$ cat coords-v5.cif   # mmCIF, C-alpha atoms and all ligand atoms
data_run
loop_
_atom_site.label_atom_id
_atom_site.label_comp_id
_atom_site.auth_asym_id
_atom_site.auth_seq_id
_atom_site.Cartn_x
_atom_site.Cartn_y
_atom_site.Cartn_z
CA MET A 1 -65.44 16.96 -23.18
CA GLN A 2 -67.03 17.78 -19.83
CA ASN A 3 -65.94 17.53 -16.18
CA ILE A 4 -64.78 14.20 -14.86
CA LYS A 5 -67.70 12.02 -13.77
CA HIS A 6 -67.04 9.99 -10.62
CA THR A 7 -68.92 6.85 -9.69
CA LYS A 8 -68.45 3.95 -7.27
CA ILE A 9 -68.54 1.40 -10.01
CA ILE A 10 -68.19 1.65 -13.76
CA ILE A 11 -68.97 -1.22 -16.14
CA LEU A 12 -67.46 -1.36 -19.62
CA GLY A 13 -69.64 -3.17 -22.13
CA SER A 14 -73.32 -3.71 -22.89
CA GLY A 15 -73.29 -7.43 -23.71
CA PRO A 16 -74.72 -10.14 -21.41
CA ALA A 17 -71.79 -9.78 -18.98
CA GLY A 18 -72.07 -5.99 -18.71
CA TYR A 19 -75.86 -5.82 -18.32
CA THR A 20 -75.90 -8.65 -15.77
CA ALA A 21 -73.15 -6.95 -13.76
CA ALA A 22 -75.21 -3.75 -13.90
CA ILE A 23 -78.39 -5.44 -12.63
CA TYR A 24 -76.54 -6.97 -9.67
CA ALA A 25 -74.55 -3.81 -8.87
CA ALA A 26 -77.66 -1.62 -9.09
CA ARG A 27 -79.59 -3.92 -6.76
CA ALA A 28 -76.69 -3.61 -4.30
CA ASN A 29 -77.30 0.18 -4.34
CA LEU A 30 -73.99 0.90 -6.02
CA ASN A 31 -75.56 3.20 -8.68
CA PRO A 32 -73.51 1.75 -11.51
CA VAL A 33 -72.59 3.56 -14.68
CA LEU A 34 -72.42 1.36 -17.78
CA ILE A 35 -70.50 2.48 -20.88
CA THR A 36 -71.99 0.75 -23.92
CA GLY A 37 -69.05 0.82 -26.36
CA ASP A 38 -69.61 0.93 -30.13
CA ASN A 39 -71.64 -2.24 -30.21
CA LYS A 40 -74.60 -1.67 -27.86
CA GLY A 41 -75.99 -5.09 -26.92
CA GLY A 42 -72.77 -6.93 -27.84
CA GLN A 43 -72.25 -9.90 -30.12
CA LEU A 44 -75.76 -11.32 -29.75
CA MET A 45 -77.12 -8.38 -31.73
CA ASN A 46 -75.80 -10.26 -34.77
CA THR A 47 -77.80 -13.42 -34.27
CA ASN A 48 -81.32 -14.19 -35.29
CA GLU A 49 -81.93 -17.25 -33.20
CA ILE A 50 -81.07 -18.03 -29.63
CA GLU A 51 -82.23 -21.46 -28.60
CA ASN A 52 -80.17 -22.05 -25.49
CA TRP A 53 -81.08 -19.16 -23.19
CA PRO A 54 -82.69 -20.93 -20.21
CA GLY A 55 -86.33 -20.04 -19.73
CA ASP A 56 -86.87 -19.01 -23.35
CA LYS A 57 -87.91 -22.28 -24.95
CA ASN A 58 -89.28 -20.47 -27.99
CA GLN A 59 -86.50 -19.17 -30.18
CA ILE A 60 -85.77 -15.47 -29.62
CA THR A 61 -83.61 -13.05 -31.55
CA GLY A 62 -80.40 -11.67 -30.11
CA SER A 63 -81.66 -8.10 -30.27
CA GLU A 64 -84.85 -9.05 -28.35
CA LEU A 65 -82.84 -10.69 -25.58
CA MET A 66 -80.38 -7.80 -25.35
CA HIS A 67 -83.17 -5.23 -25.31
CA ARG A 68 -84.75 -7.07 -22.38
CA MET A 69 -81.41 -7.06 -20.54
CA TYR A 70 -81.07 -3.33 -21.23
CA GLU A 71 -84.57 -2.65 -19.87
CA HIS A 72 -83.83 -4.80 -16.83
CA ALA A 73 -80.65 -2.81 -16.13
CA ILE A 74 -82.41 0.58 -16.40
CA LYS A 75 -85.31 -0.62 -14.24
CA TYR A 76 -82.84 -0.55 -11.34
CA GLN A 77 -81.45 2.87 -12.33
CA THR A 78 -78.23 1.85 -14.05
CA LYS A 79 -76.93 4.93 -15.81
CA ILE A 80 -76.22 3.87 -19.39
CA ILE A 81 -73.80 6.04 -21.34
CA PRO A 82 -73.13 5.69 -25.08
CA ASP A 83 -69.37 6.14 -25.09
CA LYS A 84 -66.28 4.05 -25.79
CA ILE A 85 -63.27 3.96 -23.47
CA ILE A 86 -60.03 4.61 -25.32
CA SER A 87 -57.50 4.55 -22.47
CA VAL A 88 -57.30 3.73 -18.78
CA GLU A 89 -55.09 4.57 -15.80
CA PHE A 90 -55.34 1.87 -13.16
CA ASN A 91 -52.12 2.62 -11.22
CA LYS A 92 -53.70 5.16 -8.84
CA LYS A 93 -57.08 5.66 -7.20
CA PRO A 94 -59.68 6.57 -8.14
CA PHE A 95 -59.24 4.65 -11.39
CA PHE A 96 -59.31 6.92 -14.44
CA LEU A 97 -60.95 6.14 -17.78
CA LEU A 98 -60.83 8.31 -20.88
CA GLY A 99 -63.75 7.92 -23.25
CA GLU A 100 -64.23 9.26 -26.77
CA LYS A 101 -66.83 11.66 -25.36
CA ASP A 102 -66.05 12.04 -21.65
CA LYS A 103 -63.69 11.35 -18.75
CA TYR A 104 -64.62 9.09 -15.85
CA THR A 105 -63.24 8.07 -12.47
CA ALA A 106 -64.41 5.11 -10.42
CA ASP A 107 -63.60 3.25 -7.18
CA SER A 108 -64.10 -0.06 -8.96
CA VAL A 109 -64.28 -1.14 -12.60
CA ILE A 110 -65.87 -4.19 -14.26
CA ILE A 111 -64.45 -4.90 -17.72
CA ALA A 112 -66.93 -6.74 -19.95
CA THR A 113 -65.66 -5.62 -23.35
CA GLY A 114 -66.20 -9.02 -25.01
CA SER A 115 -64.71 -9.69 -28.39
CA ASN A 116 -64.81 -8.72 -32.07
CA PRO A 117 -64.86 -10.89 -35.21
CA ARG A 118 -61.57 -12.39 -36.39
CA TYR A 119 -60.59 -11.90 -40.04
CA LEU A 120 -58.55 -14.13 -42.33
CA GLY A 121 -55.84 -11.50 -42.68
CA LEU A 122 -55.79 -11.33 -46.49
CA ASN A 123 -55.16 -7.94 -48.13
CA SER A 124 -58.06 -8.61 -50.49
CA GLU A 125 -60.31 -9.19 -47.47
CA GLU A 126 -59.55 -5.66 -46.30
CA GLU A 127 -60.22 -4.31 -49.80
CA PHE A 128 -63.68 -5.91 -50.02
CA LYS A 129 -64.89 -5.33 -46.43
CA GLY A 130 -68.42 -3.97 -46.77
CA ARG A 131 -68.37 -4.77 -50.51
CA GLY A 132 -68.86 -8.50 -50.39
CA VAL A 133 -66.89 -9.46 -47.29
CA SER A 134 -69.02 -9.54 -44.15
CA THR A 135 -68.90 -10.97 -40.63
CA CYS A 136 -72.63 -10.66 -40.00
CA ALA A 137 -75.23 -12.65 -41.93
CA ILE A 138 -78.12 -10.96 -40.18
CA CYS A 139 -76.81 -7.52 -41.06
CA ASP A 140 -75.84 -8.21 -44.68
CA GLY A 141 -77.47 -11.49 -45.74
CA PHE A 142 -80.40 -9.69 -47.32
CA PHE A 143 -78.10 -8.22 -50.02
CA TYR A 144 -77.38 -11.73 -51.35
CA LYS A 145 -80.93 -12.87 -52.10
CA ASP A 146 -80.82 -15.61 -54.79
CA LYS A 147 -77.04 -15.30 -55.15
CA GLU A 148 -74.22 -17.78 -54.63
CA ILE A 149 -72.07 -17.00 -51.64
CA ALA A 150 -69.40 -18.57 -49.41
CA VAL A 151 -69.01 -18.93 -45.67
CA VAL A 152 -65.67 -19.73 -44.05
CA GLY A 153 -65.29 -21.35 -40.61
CA GLY A 154 -66.16 -24.51 -38.73
CA GLY A 155 -67.59 -23.41 -35.36
CA ASN A 156 -71.12 -22.65 -34.19
CA THR A 157 -71.09 -19.22 -35.79
CA ALA A 158 -70.15 -20.50 -39.26
CA ILE A 159 -72.84 -23.17 -39.21
CA GLU A 160 -75.49 -20.82 -37.82
CA GLU A 161 -74.63 -18.20 -40.46
CA THR A 162 -74.90 -20.89 -43.15
CA LEU A 163 -78.28 -22.10 -41.88
CA TYR A 164 -79.58 -18.55 -41.69
CA LEU A 165 -78.31 -17.56 -45.15
CA SER A 166 -79.73 -20.72 -46.71
CA ASN A 167 -83.20 -19.21 -46.26
CA PHE A 168 -82.67 -16.72 -49.07
CA VAL A 169 -79.44 -17.25 -51.02
CA LYS A 170 -79.25 -19.61 -54.00
CA LYS A 171 -76.26 -21.68 -52.93
CA ILE A 172 -73.61 -21.62 -50.21
CA TYR A 173 -70.05 -22.91 -50.40
CA LEU A 174 -68.94 -23.67 -46.85
CA ILE A 175 -65.16 -23.61 -46.63
CA HIS A 176 -63.41 -25.07 -43.59
CA ARG A 177 -59.75 -25.80 -42.99
CA ARG A 178 -60.41 -29.17 -41.26
CA ASN A 179 -62.37 -32.24 -42.22
CA ASN A 180 -64.69 -31.99 -39.21
CA PHE A 181 -66.63 -29.19 -37.57
CA LYS A 182 -66.32 -28.03 -33.98
CA ALA A 183 -69.93 -26.78 -33.95
CA GLU A 184 -72.64 -28.40 -31.81
CA LYS A 185 -74.11 -31.66 -33.08
CA ILE A 186 -77.63 -30.24 -33.43
CA LEU A 187 -76.35 -27.59 -35.84
CA ILE A 188 -74.25 -30.08 -37.80
CA ASP A 189 -77.34 -32.28 -38.24
CA ARG A 190 -79.27 -29.34 -39.66
CA LEU A 191 -76.38 -28.53 -41.96
CA ALA A 192 -76.28 -32.13 -43.23
CA LYS A 193 -79.86 -31.76 -44.51
CA LEU A 194 -78.84 -28.76 -46.60
CA VAL A 195 -75.78 -30.58 -47.90
CA LYS A 196 -78.01 -33.48 -48.96
CA ILE A 197 -80.19 -31.23 -51.14
CA LYS A 198 -77.05 -29.46 -52.47
CA LYS A 199 -78.08 -26.10 -51.06
CA VAL A 200 -74.76 -26.16 -49.24
CA ILE A 201 -71.59 -27.44 -50.89
CA LEU A 202 -68.82 -28.35 -48.47
CA TYR A 203 -65.18 -27.59 -49.12
CA LEU A 204 -63.49 -29.31 -46.19
CA ASN A 205 -59.71 -29.15 -45.78
CA HIS A 206 -59.73 -26.02 -47.89
CA THR A 207 -58.39 -22.53 -47.25
CA ILE A 208 -59.09 -19.26 -49.01
CA LYS A 209 -56.04 -17.93 -50.82
CA GLU A 210 -57.53 -14.84 -52.41
CA ILE A 211 -60.71 -12.85 -52.72
CA LEU A 212 -61.17 -11.33 -56.16
CA GLY A 213 -63.60 -8.75 -57.42
CA ASN A 214 -64.22 -5.52 -59.23
CA LYS A 215 -65.67 -2.08 -58.50
CA SER A 216 -69.04 -3.52 -57.54
CA GLY A 217 -67.64 -6.05 -55.10
CA VAL A 218 -66.58 -9.68 -54.73
CA THR A 219 -66.80 -11.93 -57.80
CA HIS A 220 -64.57 -14.96 -57.06
CA LEU A 221 -62.62 -16.80 -54.40
CA ILE A 222 -59.46 -18.77 -54.95
CA ILE A 223 -59.39 -21.77 -52.64
CA ASN A 224 -56.77 -24.38 -51.99
CA ASN A 225 -57.09 -28.04 -50.99
CA MET A 226 -54.77 -28.58 -48.02
CA ASN A 227 -54.72 -32.37 -48.52
CA LEU A 228 -53.07 -32.21 -51.89
CA LYS A 229 -49.29 -31.95 -52.09
CA GLU A 230 -49.44 -29.97 -55.34
CA ASN A 231 -50.73 -26.46 -55.00
CA ILE A 232 -53.93 -26.96 -57.02
CA GLN A 233 -56.22 -23.99 -56.74
CA LYS A 234 -59.91 -23.77 -57.47
CA LYS A 235 -61.96 -20.75 -58.44
CA LEU A 236 -65.41 -20.32 -56.87
CA ILE A 237 -67.80 -17.79 -58.40
CA VAL A 238 -69.50 -16.00 -55.51
CA SER A 239 -70.95 -12.55 -54.80
CA GLY A 240 -70.09 -12.55 -51.13
CA LEU A 241 -67.99 -14.11 -48.39
CA PHE A 242 -69.11 -14.41 -44.78
CA VAL A 243 -66.13 -14.75 -42.49
CA ALA A 244 -67.06 -16.71 -39.34
CA ILE A 245 -63.74 -17.86 -37.92
CA GLY A 246 -64.06 -16.82 -34.31
CA HIS A 247 -63.47 -13.73 -32.28
CA VAL A 248 -60.58 -11.75 -30.79
CA PRO A 249 -60.97 -10.38 -27.25
CA ASN A 250 -61.21 -6.58 -26.91
CA THR A 251 -58.20 -6.04 -24.68
CA ASP A 252 -56.04 -3.53 -26.61
CA ILE A 253 -56.56 -0.69 -24.13
CA PHE A 254 -55.59 -2.94 -21.19
CA VAL A 255 -52.23 -4.11 -22.53
CA ASN A 256 -49.47 -3.11 -20.03
CA LYS A 257 -52.19 -2.00 -17.58
CA LEU A 258 -53.46 -5.45 -16.55
CA GLU A 259 -52.11 -8.97 -16.81
CA ILE A 260 -53.19 -10.46 -20.13
CA GLU A 261 -52.82 -14.15 -21.07
CA ASN A 262 -53.02 -15.21 -24.74
CA GLY A 263 -54.93 -12.01 -25.46
CA TYR A 264 -57.52 -12.53 -22.70
CA ILE A 265 -57.66 -10.60 -19.40
CA LYS A 266 -56.31 -12.82 -16.66
CA ILE A 267 -58.59 -13.21 -13.66
CA LYS A 268 -57.73 -14.81 -10.33
CA GLN A 269 -60.35 -17.59 -10.49
CA GLU A 270 -60.06 -18.11 -6.75
CA LYS A 271 -62.19 -20.91 -5.41
CA HIS A 272 -63.40 -19.02 -2.36
CA GLY A 273 -64.62 -15.76 -3.89
CA ASN A 274 -62.93 -12.91 -5.72
CA TYR A 275 -63.01 -15.12 -8.81
CA THR A 276 -63.24 -12.23 -11.28
CA GLN A 277 -60.50 -9.98 -9.90
CA THR A 278 -57.83 -9.01 -12.43
CA SER A 279 -54.17 -8.38 -11.57
CA ILE A 280 -55.27 -5.13 -9.86
CA PRO A 281 -57.60 -5.20 -6.81
CA GLY A 282 -60.74 -3.20 -7.57
CA ILE A 283 -60.62 -4.03 -11.30
CA PHE A 284 -62.76 -7.04 -12.25
CA ALA A 285 -63.41 -8.68 -15.59
CA ALA A 286 -66.23 -10.85 -16.89
CA GLY A 287 -67.52 -12.55 -20.02
CA ASP A 288 -65.81 -13.35 -23.29
CA VAL A 289 -62.97 -10.92 -22.62
CA THR A 290 -61.69 -13.38 -19.99
CA ASP A 291 -62.83 -16.66 -21.50
CA HIS A 292 -61.40 -18.58 -24.42
CA VAL A 293 -63.24 -21.78 -23.52
CA TYR A 294 -66.99 -21.39 -22.92
CA ARG A 295 -67.91 -18.09 -24.63
CA GLN A 296 -71.67 -18.34 -24.24
CA ALA A 297 -74.29 -15.75 -23.32
CA ILE A 298 -75.16 -17.65 -20.15
CA THR A 299 -71.54 -18.02 -18.99
CA SER A 300 -70.92 -14.34 -19.73
CA SER A 301 -73.97 -13.33 -17.74
CA ALA A 302 -72.94 -15.62 -14.90
CA SER A 303 -69.48 -14.10 -14.68
CA GLY A 304 -70.99 -10.59 -14.89
CA CYS A 305 -73.00 -11.48 -11.81
CA MET A 306 -69.86 -12.76 -10.07
CA ALA A 307 -67.92 -9.60 -10.97
CA ALA A 308 -70.66 -7.40 -9.48
CA ILE A 309 -70.63 -9.43 -6.24
CA ASP A 310 -66.80 -9.37 -6.10
CA SER A 311 -66.84 -5.64 -6.75
CA GLU A 312 -69.44 -4.99 -4.04
CA ARG A 313 -67.33 -6.95 -1.53
CA TYR A 314 -64.23 -5.02 -2.56
CA LEU A 315 -66.01 -1.68 -2.13
CA ASN A 316 -67.35 -2.70 1.28
CA CYS A 317 -63.92 -3.79 2.51
CA TYR A 318 -61.66 -1.12 1.09
CA ASN A 319 -63.68 2.10 0.99
P1 LIG B 1 -70.04 -9.06 -25.93
O1 LIG B 1 -71.38 -9.58 -26.22
O2 LIG B 1 -68.95 -9.21 -26.93
O3 LIG B 1 -70.18 -7.50 -25.58
C1 LIG B 1 -69.05 -6.69 -25.42
C2 LIG B 1 -69.50 -5.26 -25.17
O4 LIG B 1 -68.35 -4.47 -24.83
C3 LIG B 1 -70.14 -4.58 -26.36
O5 LIG B 1 -71.30 -3.93 -25.92
C4 LIG B 1 -69.11 -3.56 -26.81
O6 LIG B 1 -69.68 -2.39 -27.38
C5 LIG B 1 -68.44 -3.22 -25.48
N1 LIG B 1 -67.08 -2.66 -25.59
C6 LIG B 1 -66.05 -3.16 -26.32
N2 LIG B 1 -64.97 -2.33 -26.20
C7 LIG B 1 -65.36 -1.32 -25.36
C8 LIG B 1 -64.70 -0.15 -24.87
N3 LIG B 1 -63.44 0.14 -25.22
N4 LIG B 1 -65.39 0.69 -24.05
C9 LIG B 1 -66.68 0.39 -23.71
N5 LIG B 1 -67.34 -0.70 -24.15
C10 LIG B 1 -66.69 -1.53 -24.97
N6 LIG B 1 -74.06 -17.57 -27.19
C11 LIG B 1 -75.10 -18.30 -26.72
O7 LIG B 1 -75.12 -18.62 -25.53
N7 LIG B 1 -76.14 -18.63 -27.53
C12 LIG B 1 -76.20 -18.29 -28.83
O8 LIG B 1 -77.15 -18.63 -29.53
C13 LIG B 1 -75.12 -17.53 -29.36
N8 LIG B 1 -75.13 -17.14 -30.64
C14 LIG B 1 -74.09 -16.39 -31.13
C15 LIG B 1 -74.15 -15.98 -32.45
C16 LIG B 1 -73.12 -15.23 -32.98
C17 LIG B 1 -73.19 -14.79 -34.42
C18 LIG B 1 -72.02 -14.87 -32.16
C19 LIG B 1 -70.91 -14.02 -32.73
C20 LIG B 1 -71.95 -15.28 -30.83
C21 LIG B 1 -72.99 -16.04 -30.30
N9 LIG B 1 -72.98 -16.48 -28.98
C22 LIG B 1 -74.03 -17.20 -28.48
C23 LIG B 1 -71.88 -16.11 -28.05
C24 LIG B 1 -72.32 -14.86 -27.23
O9 LIG B 1 -72.76 -13.87 -28.14
C25 LIG B 1 -71.15 -14.34 -26.41
O10 LIG B 1 -70.65 -15.36 -25.60
C26 LIG B 1 -71.61 -13.17 -25.51
O11 LIG B 1 -72.22 -12.14 -26.27
C27 LIG B 1 -70.43 -12.57 -24.75
O12 LIG B 1 -70.93 -11.57 -23.94
P2 LIG B 1 -70.01 -10.43 -23.34
O13 LIG B 1 -70.91 -9.56 -22.54
O14 LIG B 1 -68.84 -11.02 -22.67
O15 LIG B 1 -69.42 -9.64 -24.59
P1 LIG B 2 -64.89 -20.76 -32.73
O1 LIG B 2 -65.72 -21.75 -31.96
O2 LIG B 2 -63.61 -20.30 -32.17
O3 LIG B 2 -64.65 -21.41 -34.18
C1 LIG B 2 -63.88 -20.75 -35.14
C2 LIG B 2 -63.75 -21.63 -36.38
O4 LIG B 2 -63.04 -20.91 -37.38
C3 LIG B 2 -62.98 -22.92 -36.11
O5 LIG B 2 -63.57 -23.97 -36.84
C4 LIG B 2 -61.59 -22.59 -36.62
O6 LIG B 2 -60.93 -23.69 -37.16
C5 LIG B 2 -61.87 -21.64 -37.75
N1 LIG B 2 -60.76 -20.70 -37.94
C6 LIG B 2 -60.14 -19.94 -36.99
N2 LIG B 2 -59.18 -19.18 -37.56
C7 LIG B 2 -59.22 -19.45 -38.89
C8 LIG B 2 -58.47 -18.98 -39.99
N3 LIG B 2 -57.52 -18.05 -39.87
N4 LIG B 2 -58.75 -19.48 -41.21
C9 LIG B 2 -59.73 -20.42 -41.39
N5 LIG B 2 -60.47 -20.91 -40.37
C10 LIG B 2 -60.22 -20.42 -39.12
O7 LIG B 2 -65.73 -19.43 -33.05
P2 LIG B 2 -67.29 -19.17 -33.23
O8 LIG B 2 -67.89 -20.20 -34.11
O9 LIG B 2 -67.40 -17.74 -33.62
O10 LIG B 2 -67.87 -19.33 -31.77
C11 LIG B 2 -67.36 -18.50 -30.71
C12 LIG B 2 -68.06 -18.85 -29.42
O11 LIG B 2 -69.42 -18.41 -29.46
C13 LIG B 2 -68.05 -20.35 -29.15
O12 LIG B 2 -67.83 -20.60 -27.80
C14 LIG B 2 -69.42 -20.77 -29.57
O13 LIG B 2 -69.89 -21.92 -28.87
C15 LIG B 2 -70.25 -19.53 -29.21
N6 LIG B 2 -71.45 -19.53 -30.07
C16 LIG B 2 -72.52 -20.24 -29.63
C17 LIG B 2 -73.63 -20.36 -30.44
C18 LIG B 2 -74.78 -21.18 -29.95
O14 LIG B 2 -74.80 -21.54 -28.79
N7 LIG B 2 -75.76 -21.52 -30.76
C19 LIG B 2 -73.65 -19.75 -31.69
C20 LIG B 2 -72.52 -19.06 -32.12
C21 LIG B 2 -71.42 -18.96 -31.29
P3 LIG B 2 -60.44 -24.93 -36.26
O15 LIG B 2 -61.64 -25.82 -36.15
O16 LIG B 2 -59.33 -25.48 -37.07
O17 LIG B 2 -60.00 -24.35 -34.95
#
$ encode --input "coords-v5.cif" --output "structure tokens"
Amino acid sequence: MQNIKHTKIIILGSGPAGYTAAIYAARANLNPVLITGDNKGGQLMNTNEIENWPGDKNQITGSELMHRMYEHAIKYQTKIIPDKIISVEFNKKPFFLLGEKDKYTADSVIIATGSNPRYLGLNSEEEFKGRGVSTCAICDGFFYKDKEIAVVGGGNTAIEETLYLSNFVKKIYLIHRRNNFKAEKILIDRLAKLVKIKKVILYLNHTIKEILGNKSGVTHLIINNMNLKENIQKKLIVSGLFVAIGHVPNTDIFVNKLEIENGYIKIKQEKHGNYTQTSIPGIFAAGDVTDHVYRQAITSSASGCMAAIDSERYLNCYN
């Protein structure tokens, strides 16, 4: 570990919120430092098709979009550091951040640490992580060519993962705990076509009770019909399970340091500016780490922009 690095503004996270904050802060001559975290590029790195990024009418991949954001941020001299912050001290100034590789101080901080995949919480899920249980179809789908697999979840991610996997797997069992999906209509319509040709078999109102397997990985799932009073279980023969049941905000290191509400960092949301300020002046937050409602690339970018503007105003007023 080297000497403490001081900067006016430090941004945590390299997803849409972090890179957008960096572009705005850099263009305000604040010479931002951006800490990438473990997942450089953020959640979009795991998606093959983005169809709703304004201005890109032709489908682009998540990694293409995030690479362009990265290049845009460095064009304006954002300093990008591959490190992960493991603890913070926000009760005195300058603010102090301890990374796995280095120590940092800053006059202002923008937290854009996004979220990580949620898991079902089964012991067997833990046992087969990386051996049949995955949260990323783009990363692992290739291993299931011509095999039968399952996807669990009912939101946009679950349907997109199913559509993507249908290009190369033999059959997909889509398991969802409700009888309707919360995904966008356009995705549900595409799914319906695959259901019609029996490429996708729906198990609505079903939950996964157990994931079974052997040394080489997953072999079966035990699922349960929630509608039936009797506990009748069904065995599905699959080689893999893609868990797509949402995300949990990355706020562990901010617990007891900032106000947190239902796991998300609480921001002021003031109507007349300072929208992204957290419970501590000078600390701002943007993107999925603050948002349990919209959670889109565009809304994350927008709030990253707002956080950079709020931070610039704070630095002008208080330093
Ligand atoms: P994230 O993208 O989650 O990025 C968080 C960043 O914080 C990461 O770089 C991570 O490394 C970093 N980080 C975390 N902890 C630390 C730490 N301790 N120190 C430093 N850095 C840290 N949205 C759309 O609009 N269109 C789509 O087509 C779309 N497709 C999606 C497909 C999938 C499979 C998923 C999962 C999501 C999709 N979304 C889509 C939602 C979109 O990805 C998110 O809304 C968006 O990425 C959130 O951006 P963010 O910058 O807030 O956080
Ligand atoms: P999500 O919208 O929160 O959906 C999670 C799904 O998993 C829900 O159907 C939920 O069931 C189910 N679920 C949650 N916990 C479960 C559990 N323990 N067991 C079984 N099922 C469980 O999450 P997401 O699909 O990952 O999407 C996250 C955000 O990213 C959303 O805002 C989404 O719009 C965005 N996104 C956008 C795109 C796009 O624009 N194309 C693509 C992907 C993601 P219930 O229905 O019962 O709640």
$ atom_distance --input "coords-v5.cif" --atom1 "atom CA of A:Leu187" --atom2 "atom O5 of ligand LIG 2 (chain B)"
13.3 Å
$ closest_atom_pairs --input "coords-v5.cif" --of "chain A" --to "ligand LIG 2 (chain B)" --cutoff "7 Å" --atoms "all atoms listed in the file" --output "Markdown table"
| residue | atom | partner | partner_atom | distance |
| --- | --- | --- | --- | --- |
| A:Ile50 | CA | B:LIG2 | N7 | 6.5 |
| A:Glu51 | CA | B:LIG2 | N7 | 6.8 |
| A:Asn52 | CA | B:LIG2 | O14 | 6.3 |
| A:Tyr119 | CA | B:LIG2 | N3 | 6.9 |
| A:Leu120 | CA | B:LIG2 | N3 | 4.7 |
| A:Val152 | CA | B:LIG2 | N5 | 6.5 |
| A:Gly153 | CA | B:LIG2 | O4 | 4.0 |
| A:Gly154 | CA | B:LIG2 | O5 | 3.3 |
| A:Gly155 | CA | B:LIG2 | O8 | 3.5 |
| A:Asn156 | CA | B:LIG2 | O8 | 4.1 |
| A:Thr157 | CA | B:LIG2 | O8 | 3.7 |
| A:Ala158 | CA | B:LIG2 | O8 | 5.6 |
| A:Glu160 | CA | B:LIG2 | C19 | 6.5 |
| A:His176 | CA | B:LIG2 | N5 | 6.0 |
| A:Arg177 | CA | B:LIG2 | N5 | 5.6 |
| A:Arg178 | CA | B:LIG2 | O16 | 5.7 |
| A:Phe181 | CA | B:LIG2 | O5 | 6.1 |
| A:Lys182 | CA | B:LIG2 | O15 | 5.6 |
| A:Ala183 | CA | B:LIG2 | O1 | 6.9 |
| A:Thr207 | CA | B:LIG2 | C9 | 6.4 |
| A:Ala244 | CA | B:LIG2 | O9 | 5.8 |
| A:Ile245 | CA | B:LIG2 | O4 | 3.2 |
| A:Gly246 | CA | B:LIG2 | O7 | 3.3 |
| A:His247 | CA | B:LIG2 | O9 | 5.8 |
| A:Val293 | CA | B:LIG2 | O12 | 6.4 |
| A:Tyr294 | CA | B:LIG2 | O12 | 5.0 |
| A:Arg295 | CA | B:LIG2 | O12 | 4.0 |
| A:Gln296 | CA | B:LIG2 | C15 | 5.3 |
$ closest_residue --input "coords-v5.cif" --among "A:Asn316, A:Ser300, A:Thr78, A:Thr219" --to "ligand LIG 1 (chain B)" --atoms "only C-alpha atoms and all ligand atoms"
A:Ser300
$ closest_atom_pairs --input "coords-v5.cif" --of "chain A" --to "ligand LIG 1 (chain B)" --cutoff "6 Å" --atoms "all atoms listed in the file" --output "tab-separated table"
residue	atom	partner	partner_atom	distance
A:Leu12	CA	B:LIG1	C9	4.5
A:Gly13	CA	B:LIG1	O4	3.3
A:Ser14	CA	B:LIG1	O5	3.6
A:Gly15	CA	B:LIG1	O13	3.4
A:Pro16	CA	B:LIG1	O13	4.0
A:Ala17	CA	B:LIG1	O13	3.7
A:Gly18	CA	B:LIG1	O13	5.4
A:Ile35	CA	B:LIG1	C9	5.2
A:Thr36	CA	B:LIG1	N5	4.9
A:Gly37	CA	B:LIG1	N5	3.2
A:Asp38	CA	B:LIG1	O6	4.3
A:Asn39	CA	B:LIG1	O6	3.4
A:Lys40	CA	B:LIG1	O5	4.4
A:Gly41	CA	B:LIG1	O5	4.9
A:Gly42	CA	B:LIG1	O1	3.4
A:Gln43	CA	B:LIG1	O1	4.0
A:Leu44	CA	B:LIG1	O9	4.3
A:Asn46	CA	B:LIG1	C17	5.2
A:Thr47	CA	B:LIG1	C17	4.8
A:Ile50	CA	B:LIG1	O8	4.0
A:Glu51	CA	B:LIG1	O8	5.9
A:Asn52	CA	B:LIG1	N7	5.7
A:Lys84	CA	B:LIG1	N4	3.9
A:Ile85	CA	B:LIG1	N4	3.9
A:Ile86	CA	B:LIG1	N3	5.6
A:Ala112	CA	B:LIG1	O14	5.4
A:Thr113	CA	B:LIG1	O4	3.3
A:Gly114	CA	B:LIG1	O15	3.3
A:Ser115	CA	B:LIG1	O2	4.5
A:Thr157	CA	B:LIG1	C17	5.1
A:Asn250	CA	B:LIG1	N2	5.7
A:Gly287	CA	B:LIG1	O14	3.3
A:Asp288	CA	B:LIG1	O14	3.9
A:Val289	CA	B:LIG1	O14	5.9
A:Arg295	CA	B:LIG1	O10	4.0
A:Gln296	CA	B:LIG1	O10	3.4
A:Ala297	CA	B:LIG1	O7	3.7
A:Ile298	CA	B:LIG1	O7	5.5
A:Ser300	CA	B:LIG1	O14	4.9
$ closest_residue --input "coords-v5.cif" --among "A:Ile211, A:Ala106, A:Ala286, A:Ile237" --to "A:Ile172" --atoms "all atoms listed in the file"
A:Ile237
$ residues_around --input "coords-v5.cif" --residues "A:Leu30" --least-positions-apart "2" --cutoff "7 Å" --atoms "only C-alpha atoms" --output "PyMOL selection string"
chain A and resi 8-9+25-26+28+32
$ atom_distance --input "coords-v5.cif" --atom1 "atom CA of A:Tyr203" --atom2 "atom CA of A:Lys235"
12.0 Å
